[in-house]
Amino acid sequence: MSRWLKISLKILASLFVLIIIIWLGAAYYINHNNKAILNTILTQLNSNVNGKIEVASMETTLLKGFPGISVSLKKVQLRDSLWSQHKHDLLHADDIDVSLNMFSLMAGNININKIGINNAGIYIYTDTTGYSNTSMFKSKNTGKPADPKDKQAFEIKRVDFNNVNLIVENQKRYKLFHFLIDELKGKIDYPDSGWNGNLKLKTLVKSFAFNTRKGSFLKDKKLEGTLIAHYNNATKAVTIDPEKLTIGNDEFIIGAKIDLAKNESAFAIDIRADKILYKNIALLLSPNISSKLLKFAIDEPIAVLGHIIDDGSKIKTDPYINVRMTVKDNTVTIPSGQLTKCNFLGTFTNKDSVGKSIGDENSAIRFYNLTADYYNAPLKVDTFSITNLARPLAAGLVTSQFPLEKLNSSIGGETFDFKNGTANLRLYCKADIDNFRFTKPVISGTVDIKNADITYIPRNMKLVNSSLTLNFNQKDLNITGSRFQLGKSVLNMNCSIQNFLNFYYTDPEKILVNLKLSSPQLYLNEFMPFLGTRKKVKRKPVSKNAIKEVSDQLSAVLEASKVNIQLNVNKAIYKRFVATNLNANIAMLTDGIYFNKLSVSHAGGNLSMTGNVKQSGTINKFVMNAVVSKVNVKEFFYGFENFGQNSITNQNLRGYLSAKVNASGSITDNGSIVSRSMYGQVIFNLSKAALVNFEPLQKVQKLAFANRDFSNIAIDNLDGTLTLNGDKIAISPMQVNTSVLNFNMKGIYGLGAGTDIAMDIPLRNPKKDEELTSKSEKKQARMKGIVLHLKAVDDGKGGMKVRWNKDHD
């Protein structure tokens, strides 16, 4: 060992021994001057505060502060001068460890190297007037210049907090910050510019409320990490460098700036998380925000960047919040369904307009460049906004193009079934949001459906190769250039619905649909499903499937709304009925179908009708008032299937018929008239007619006119009135003049039982009267000679028999 090395070691050993001796001497000094030193500390501290600092006792703890001197202050209490009014201790601690600079102590100064606060409570309180108990640290106004040495007394080099309950309450601005600090330790340097701190933090956040009326952020979340902070004397600002902090189980980069120059301590916080679950973000926010955000869900982690700024103004407002969220290839659940393969950039701010104050009314959520599949339908939204979260208003341009078959999985086969066809949608939507459902929508734009095969399941109506264009003009809907093919029927349609969107969600019964339909050829039986009962509207609860909900709602609206139809058809076919030039004005209301006007050309003549069908199920009631003008009676009875009876049919009739019919009855949901259900009156005229093989008259032939041919009875003109009464037809008294006999008749014809027809038949052959020229002569000669008084009645076997009528008039 060299000589110089030995000398160096001896010097170091001597210095170490000297330090030990000085340290022991200082400890001895403190122990023997405990009260005096404590009084010195308290006197120095109390002389600089507007309040009172109390310490029950002080003990020396040699090893904790080596090479300095450590003391332990027991039962420490700090109270401002107004404590008696608000009762909040600024500090109360069971134990505070203080490490003193040994050399400054020997020089007569108290210089604190380290302070450790254990099992303590800190309550920083500001009342509704703006008074704070921290004002106790403001220098007393003694009129003397401040001593620079006083500053050094509060330059704490290290801090170590354990089990400290920290509360910062500002009643004036409704703020409450409450932390249960498990551990806060680190060192503080004091350059000329201010101070720099490096602190390790581990705490539980009980409250982080910027507005206690709306609840706390970070409620019951653990906060852990390192804070690197700086204080600048010139700007009086604390800056916290962006560093990793763990909140709960998620990692954030958090930085902040606190401006102490303003009385209200303005601050700004920057938060970034590159990979975090959306639900975890929502649970960090105050209930008034999280309750709304938790209506939504995002499956995979997302990236979030947020800013929270409080400008320290005296106006009682929430801090300014600005959040940006990036979602890529994710699944997003919204109250009305799911968005899959979802991508967007989302933002939130509670100060959307610079000139308005912070709050829900000035808050906005926006989605930029949103693309997603919505129940297999691809959507694209350039910008979608939700503004005024107090009364939310949504607006955005939505575009989509997709095969209609993709809707089957969302509609579920209950209302519509799609095969083939495409949809092209471009809509600008604006709507109120009530409990996260769209209401009072205003829509502008178009929906084009091309080459579609669609089945409307509630009425089993199948449209093929159909196209339509829906034009939304804010509250109105117009459908133009539309073609529908139902079976062999082709319909061209134009439609106008005023105030469609006003009533769609609230009062579909008030919707009035004006339809103009035209067709080259229409098979009416293909529209018979409309005769079924219309479904009542049910207000459905919120569904997880918005497209299905819209489908169900649309189905309900279609069943509930009023529809006026102007129909023009070149050729209309219903079973055996064939008509041309059909023109109709039809109203479809909640309780049935009303034929306000219907006219057709049929059987060489014309028909016009008004009436209605009341829909009640498989059997429906109908009323009609019809005028028949010079139709071929054979074709007419054939076309109407003999009106539900088989006593006198198209096989028995020839000639031309004109009539007025006022009748009611029943019709099935497949369009067949219910047998024996007709009631009403028929006033008719037959001209150039014939009765062919008419059974009742053929029975008369067998009785008294065997030599005359009753197989084809010519009738030049016949007027009559029939009263329909279910299974019976009342024949008003009428004179029948035919080629084989003349007779008078009246009575009841039973479609089942109950036939009772009286006939007065002169045996005189009408051919003998052909030479008579005047009508009066023919009338007088008509009943001359022998007259048979007969009656046609039931034979008890389902037929009729003819007997003498002893009770004739």
# chains A, B, ... in the order shown; residues from 1 in each chain; ligands from 1
>>> residues_around(residues="A:Asn652", least_positions_apart="2", cutoff="10 Å", atoms="only C-alpha atoms", output="PyMOL selection string")
chain A and resi 633-634+637+647-650+654+690-695+711-713
>>> select_by_dssp(residues="stretch 79-257 of chain A", states="strand (DSSP E or B)", output="PyMOL selection string")
chain A and resi 79-80+91-100+112-126+132+158-170+175-189+194-211+215-217+221-232+237-247+250-257
>>> residues_around(residues="A:Ala792", least_positions_apart="3", cutoff="8 Å", atoms="only C-alpha atoms", output="PDB file with N, CA and C atoms, in the first residue's frame")
ATOM      1  N   PRO A 696    -138.163 -23.995 -62.297  1.00  0.00           N
ATOM      2  CA  PRO A 696    -139.531 -23.736 -61.820  1.00  0.00           C
ATOM      3  C   PRO A 696    -140.565 -23.693 -62.942  1.00  0.00           C
ATOM      4  N   THR A 755    -139.266 -22.066 -50.037  1.00  0.00           N
ATOM      5  CA  THR A 755    -139.828 -21.547 -51.288  1.00  0.00           C
ATOM      6  C   THR A 755    -141.350 -21.525 -51.221  1.00  0.00           C
ATOM      7  N   ASP A 756    -141.933 -20.411 -51.586  1.00  0.00           N
ATOM      8  CA  ASP A 756    -143.392 -20.249 -51.592  1.00  0.00           C
ATOM      9  C   ASP A 756    -143.728 -19.162 -52.611  1.00  0.00           C
ATOM     10  N   ILE A 757    -143.868 -19.575 -53.883  1.00  0.00           N
ATOM     11  CA  ILE A 757    -144.072 -18.633 -54.977  1.00  0.00           C
ATOM     12  C   ILE A 757    -145.468 -18.854 -55.562  1.00  0.00           C
ATOM     13  N   ALA A 758    -146.271 -17.814 -55.547  1.00  0.00           N
ATOM     14  CA  ALA A 758    -147.611 -17.866 -56.148  1.00  0.00           C
ATOM     15  C   ALA A 758    -147.552 -17.412 -57.590  1.00  0.00           C
ATOM     16  N   MET A 759    -148.215 -18.182 -58.474  1.00  0.00           N
ATOM     17  CA  MET A 759    -148.204 -17.851 -59.899  1.00  0.00           C
ATOM     18  C   MET A 759    -149.628 -17.936 -60.441  1.00  0.00           C
ATOM     19  N   MET A 800    -138.426 -28.622 -55.678  1.00  0.00           N
ATOM     20  CA  MET A 800    -139.706 -27.921 -55.595  1.00  0.00           C
ATOM     21  C   MET A 800    -140.802 -28.785 -56.209  1.00  0.00           C
ATOM     22  N   LYS A 801    -142.005 -28.508 -55.761  1.00  0.00           N
ATOM     23  CA  LYS A 801    -143.176 -29.111 -56.375  1.00  0.00           C
ATOM     24  C   LYS A 801    -144.220 -28.011 -56.579  1.00  0.00           C
ATOM     25  N   VAL A 802    -145.044 -28.226 -57.550  1.00  0.00           N
ATOM     26  CA  VAL A 802    -146.063 -27.244 -57.893  1.00  0.00           C
ATOM     27  C   VAL A 802    -147.433 -27.845 -57.558  1.00  0.00           C
ATOM     28  N   ARG A 803    -148.250 -27.063 -56.863  1.00  0.00           N
ATOM     29  CA  ARG A 803    -149.595 -27.508 -56.508  1.00  0.00           C
ATOM     30  C   ARG A 803    -150.563 -26.337 -56.760  1.00  0.00           C
TER      31      ARG A 803
END
>>> residues_around(residues="stretch 92-96 of chain A", least_positions_apart="6", cutoff="9 Å", atoms="only C-alpha atoms", output="list of chain:residue names")
A:Val71, A:Ser72, A:Leu73, A:Lys74, A:Lys75, A:Val76, A:Gln77, A:Leu78, A:Arg79, A:Ile115, A:Gly116, A:Ile117, A:Asn118, A:Asn119, A:Ala120, A:Gly121, A:Ile122, A:Tyr123, A:Val164
>>> write_last_selection(atoms="N, CA and C atoms", output="PDB file, in the first residue's frame")
ATOM      1  N   VAL A  71     -36.328  13.617  13.810  1.00  0.00           N
ATOM      2  CA  VAL A  71     -37.215  13.694  14.957  1.00  0.00           C
ATOM      3  C   VAL A  71     -38.600  13.236  14.522  1.00  0.00           C
ATOM      4  N   SER A  72     -39.345  12.742  15.445  1.00  0.00           N
ATOM      5  CA  SER A  72     -40.711  12.303  15.196  1.00  0.00           C
ATOM      6  C   SER A  72     -41.654  13.193  15.988  1.00  0.00           C
ATOM      7  N   LEU A  73     -42.542  13.877  15.220  1.00  0.00           N
ATOM      8  CA  LEU A  73     -43.513  14.758  15.852  1.00  0.00           C
ATOM      9  C   LEU A  73     -44.814  13.978  16.029  1.00  0.00           C
ATOM     10  N   LYS A  74     -45.315  13.958  17.247  1.00  0.00           N
ATOM     11  CA  LYS A  74     -46.505  13.197  17.575  1.00  0.00           C
ATOM     12  C   LYS A  74     -47.703  14.139  17.689  1.00  0.00           C
ATOM     13  N   LYS A  75     -48.873  13.603  17.155  1.00  0.00           N
ATOM     14  CA  LYS A  75     -50.148  14.316  17.258  1.00  0.00           C
ATOM     15  C   LYS A  75     -50.020  15.763  16.751  1.00  0.00           C
ATOM     16  N   VAL A  76     -49.722  15.863  15.462  1.00  0.00           N
ATOM     17  CA  VAL A  76     -49.543  17.183  14.848  1.00  0.00           C
ATOM     18  C   VAL A  76     -50.895  17.679  14.331  1.00  0.00           C
ATOM     19  N   GLN A  77     -51.137  18.946  14.510  1.00  0.00           N
ATOM     20  CA  GLN A  77     -52.424  19.514  14.116  1.00  0.00           C
ATOM     21  C   GLN A  77     -52.232  20.915  13.572  1.00  0.00           C
ATOM     22  N   LEU A  78     -52.782  21.189  12.353  1.00  0.00           N
ATOM     23  CA  LEU A  78     -52.719  22.510  11.747  1.00  0.00           C
ATOM     24  C   LEU A  78     -54.139  23.029  11.569  1.00  0.00           C
ATOM     25  N   ARG A  79     -54.404  24.184  12.132  1.00  0.00           N
ATOM     26  CA  ARG A  79     -55.728  24.791  12.041  1.00  0.00           C
ATOM     27  C   ARG A  79     -55.586  26.254  11.677  1.00  0.00           C
ATOM     28  N   ILE A 115     -39.421  14.990   5.079  1.00  0.00           N
ATOM     29  CA  ILE A 115     -40.575  14.945   5.955  1.00  0.00           C
ATOM     30  C   ILE A 115     -41.403  13.722   5.584  1.00  0.00           C
ATOM     31  N   GLY A 116     -41.786  12.961   6.595  1.00  0.00           N
ATOM     32  CA  GLY A 116     -42.638  11.795   6.385  1.00  0.00           C
ATOM     33  C   GLY A 116     -43.901  11.944   7.202  1.00  0.00           C
ATOM     34  N   ILE A 117     -45.058  11.860   6.531  1.00  0.00           N
ATOM     35  CA  ILE A 117     -46.354  12.005   7.209  1.00  0.00           C
ATOM     36  C   ILE A 117     -47.034  10.640   7.199  1.00  0.00           C
ATOM     37  N   ASN A 118     -47.392  10.161   8.389  1.00  0.00           N
ATOM     38  CA  ASN A 118     -47.949   8.827   8.538  1.00  0.00           C
ATOM     39  C   ASN A 118     -49.293   8.894   9.276  1.00  0.00           C
ATOM     40  N   ASN A 119     -50.249   8.079   8.770  1.00  0.00           N
ATOM     41  CA  ASN A 119     -51.552   7.982   9.436  1.00  0.00           C
ATOM     42  C   ASN A 119     -52.141   9.374   9.675  1.00  0.00           C
ATOM     43  N   ALA A 120     -52.385  10.070   8.572  1.00  0.00           N
ATOM     44  CA  ALA A 120     -52.759  11.474   8.688  1.00  0.00           C
ATOM     45  C   ALA A 120     -53.953  11.795   7.786  1.00  0.00           C
ATOM     46  N   GLY A 121     -54.517  12.968   8.059  1.00  0.00           N
ATOM     47  CA  GLY A 121     -55.572  13.511   7.221  1.00  0.00           C
ATOM     48  C   GLY A 121     -55.241  14.937   6.838  1.00  0.00           C
ATOM     49  N   ILE A 122     -55.388  15.253   5.552  1.00  0.00           N
ATOM     50  CA  ILE A 122     -55.173  16.613   5.044  1.00  0.00           C
ATOM     51  C   ILE A 122     -56.472  17.065   4.390  1.00  0.00           C
ATOM     52  N   TYR A 123     -56.983  18.194   4.844  1.00  0.00           N
ATOM     53  CA  TYR A 123     -58.259  18.687   4.335  1.00  0.00           C
ATOM     54  C   TYR A 123     -58.068  20.129   3.869  1.00  0.00           C
ATOM     55  N   VAL A 164     -52.319   8.405   4.115  1.00  0.00           N
ATOM     56  CA  VAL A 164     -52.758   9.792   4.273  1.00  0.00           C
ATOM     57  C   VAL A 164     -54.089   9.974   3.535  1.00  0.00           C
TER      58      VAL A 164
END
>>> closest_atom_pairs(of="stretch 292-407 of chain A", to="stretch 417-421 of chain A", cutoff="7 Å", atoms="only C-alpha atoms", output="CSV")
residue,atom,partner,partner_atom,distance
A:Pro403,CA,A:Gly421,CA,6.0
A:Leu404,CA,A:Gly421,CA,5.6
A:Glu405,CA,A:Phe418,CA,5.1
>>> atom_distance(atom1="atom CA of A:Ala395", atom2="atom CA of A:Phe344")
16.0 Å
>>> residues_around(residues="A:Ile761", least_positions_apart="4", cutoff="10 Å", atoms="only C-alpha atoms", output="NGL selection string")
:A and (700 or 704 or 736 or 741-745 or 782-783 or 786-790)
>>> write_last_selection(atoms="C-alpha atoms", output="mmCIF file, in the first residue's frame")
data_model
loop_
_atom_site.group_PDB
_atom_site.id
_atom_site.type_symbol
_atom_site.label_atom_id
_atom_site.label_comp_id
_atom_site.auth_asym_id
_atom_site.auth_seq_id
_atom_site.Cartn_x
_atom_site.Cartn_y
_atom_site.Cartn_z
ATOM 1 C CA VAL A 700 -145.268 -25.664 -64.702
ATOM 2 C CA ALA A 704 -150.488 -27.775 -67.765
ATOM 3 C CA VAL A 736 -143.842 -11.793 -66.916
ATOM 4 C CA LEU A 741 -147.015 -17.939 -71.625
ATOM 5 C CA ASN A 742 -147.772 -14.877 -69.660
ATOM 6 C CA PHE A 743 -148.029 -15.008 -65.890
ATOM 7 C CA ASN A 744 -147.991 -12.997 -62.758
ATOM 8 C CA MET A 745 -145.825 -14.074 -59.863
ATOM 9 C CA ARG A 782 -153.539 -11.053 -71.319
ATOM 10 C CA MET A 783 -155.585 -12.671 -68.508
ATOM 11 C CA ILE A 786 -158.873 -19.981 -68.069
ATOM 12 C CA VAL A 787 -156.292 -18.933 -65.438
ATOM 13 C CA LEU A 788 -154.353 -21.461 -63.391
ATOM 14 C CA HIS A 789 -153.559 -20.444 -59.836
ATOM 15 C CA LEU A 790 -150.470 -22.403 -58.821
#
>>> residues_around(residues="stretch 569-582 of chain A", least_positions_apart="3", cutoff="7 Å", atoms="only C-alpha atoms", output="PDB file with N, CA and C atoms, in the first residue's frame")
ATOM      1  N   SER A 518    -101.325   2.236 -61.924  1.00  0.00           N
ATOM      2  CA  SER A 518    -101.787   1.912 -63.276  1.00  0.00           C
ATOM      3  C   SER A 518    -101.226   0.558 -63.663  1.00  0.00           C
ATOM      4  N   SER A 519    -101.988  -0.134 -64.504  1.00  0.00           N
ATOM      5  CA  SER A 519    -101.547  -1.472 -64.884  1.00  0.00           C
ATOM      6  C   SER A 519    -102.124  -1.828 -66.241  1.00  0.00           C
ATOM      7  N   PRO A 520    -101.357  -2.487 -67.093  1.00  0.00           N
ATOM      8  CA  PRO A 520    -101.910  -2.971 -68.358  1.00  0.00           C
ATOM      9  C   PRO A 520    -102.837  -4.163 -68.138  1.00  0.00           C
ATOM     10  N   GLN A 521    -102.530  -4.963 -67.118  1.00  0.00           N
ATOM     11  CA  GLN A 521    -103.356  -6.142 -66.833  1.00  0.00           C
ATOM     12  C   GLN A 521    -103.190  -6.529 -65.377  1.00  0.00           C
ATOM     13  N   LEU A 522    -104.326  -6.689 -64.694  1.00  0.00           N
ATOM     14  CA  LEU A 522    -104.308  -6.929 -63.252  1.00  0.00           C
ATOM     15  C   LEU A 522    -105.144  -8.164 -62.941  1.00  0.00           C
ATOM     16  N   TYR A 523    -104.542  -9.075 -62.177  1.00  0.00           N
ATOM     17  CA  TYR A 523    -105.267 -10.259 -61.702  1.00  0.00           C
ATOM     18  C   TYR A 523    -105.663  -9.981 -60.253  1.00  0.00           C
ATOM     19  N   LEU A 524    -106.952  -9.648 -60.076  1.00  0.00           N
ATOM     20  CA  LEU A 524    -107.406  -9.156 -58.779  1.00  0.00           C
ATOM     21  C   LEU A 524    -107.273 -10.199 -57.673  1.00  0.00           C
ATOM     22  N   ASN A 525    -107.355 -11.464 -58.012  1.00  0.00           N
ATOM     23  CA  ASN A 525    -107.255 -12.496 -56.968  1.00  0.00           C
ATOM     24  C   ASN A 525    -105.894 -12.467 -56.283  1.00  0.00           C
ATOM     25  N   SER A 599    -115.633   1.914 -61.546  1.00  0.00           N
ATOM     26  CA  SER A 599    -116.355   1.711 -62.805  1.00  0.00           C
ATOM     27  C   SER A 599    -115.511   0.843 -63.727  1.00  0.00           C
ATOM     28  N   VAL A 600    -116.204  -0.058 -64.430  1.00  0.00           N
ATOM     29  CA  VAL A 600    -115.523  -0.937 -65.375  1.00  0.00           C
ATOM     30  C   VAL A 600    -116.447  -1.181 -66.568  1.00  0.00           C
ATOM     31  N   SER A 601    -115.840  -1.615 -67.620  1.00  0.00           N
ATOM     32  CA  SER A 601    -116.602  -2.134 -68.756  1.00  0.00           C
ATOM     33  C   SER A 601    -116.563  -3.649 -68.668  1.00  0.00           C
ATOM     34  N   HIS A 602    -117.773  -4.248 -68.737  1.00  0.00           N
ATOM     35  CA  HIS A 602    -117.832  -5.702 -68.561  1.00  0.00           C
ATOM     36  C   HIS A 602    -119.045  -6.253 -69.300  1.00  0.00           C
ATOM     37  N   TYR A 638    -122.039 -15.251 -65.149  1.00  0.00           N
ATOM     38  CA  TYR A 638    -120.850 -16.110 -65.175  1.00  0.00           C
ATOM     39  C   TYR A 638    -119.669 -15.441 -64.455  1.00  0.00           C
ATOM     40  N   GLY A 639    -119.474 -14.163 -64.755  1.00  0.00           N
ATOM     41  CA  GLY A 639    -118.349 -13.452 -64.158  1.00  0.00           C
ATOM     42  C   GLY A 639    -118.450 -13.343 -62.647  1.00  0.00           C
ATOM     43  N   PHE A 640    -119.685 -13.202 -62.127  1.00  0.00           N
ATOM     44  CA  PHE A 640    -119.865 -13.067 -60.682  1.00  0.00           C
ATOM     45  C   PHE A 640    -120.262 -14.380 -60.015  1.00  0.00           C
TER      46      PHE A 640
END
>>> atom_distance(atom1="atom CA of A:Asp809", atom2="atom CA of A:Ala753")
23.7 Å
>>> closest_residue(among="A:Arg158, A:Lys275, A:Arg426, A:Lys341", to="A:Tyr375", atoms="only C-alpha atoms")
A:Lys341
>>> residues_around(residues="A:His307", least_positions_apart="5", cutoff="6 Å", atoms="only C-alpha atoms", output="list in words")
Ile269, Asp270, Ile321 and Asn322 of chain A
>>> closest_residue(among="A:Leu491, A:Val631, A:Ile667, A:Leu379", to="A:Thr618", atoms="only C-alpha atoms")
A:Ile667
>>> atom_distance(atom1="atom CA of A:Pro733", atom2="atom CA of A:Lys791")
13.8 Å
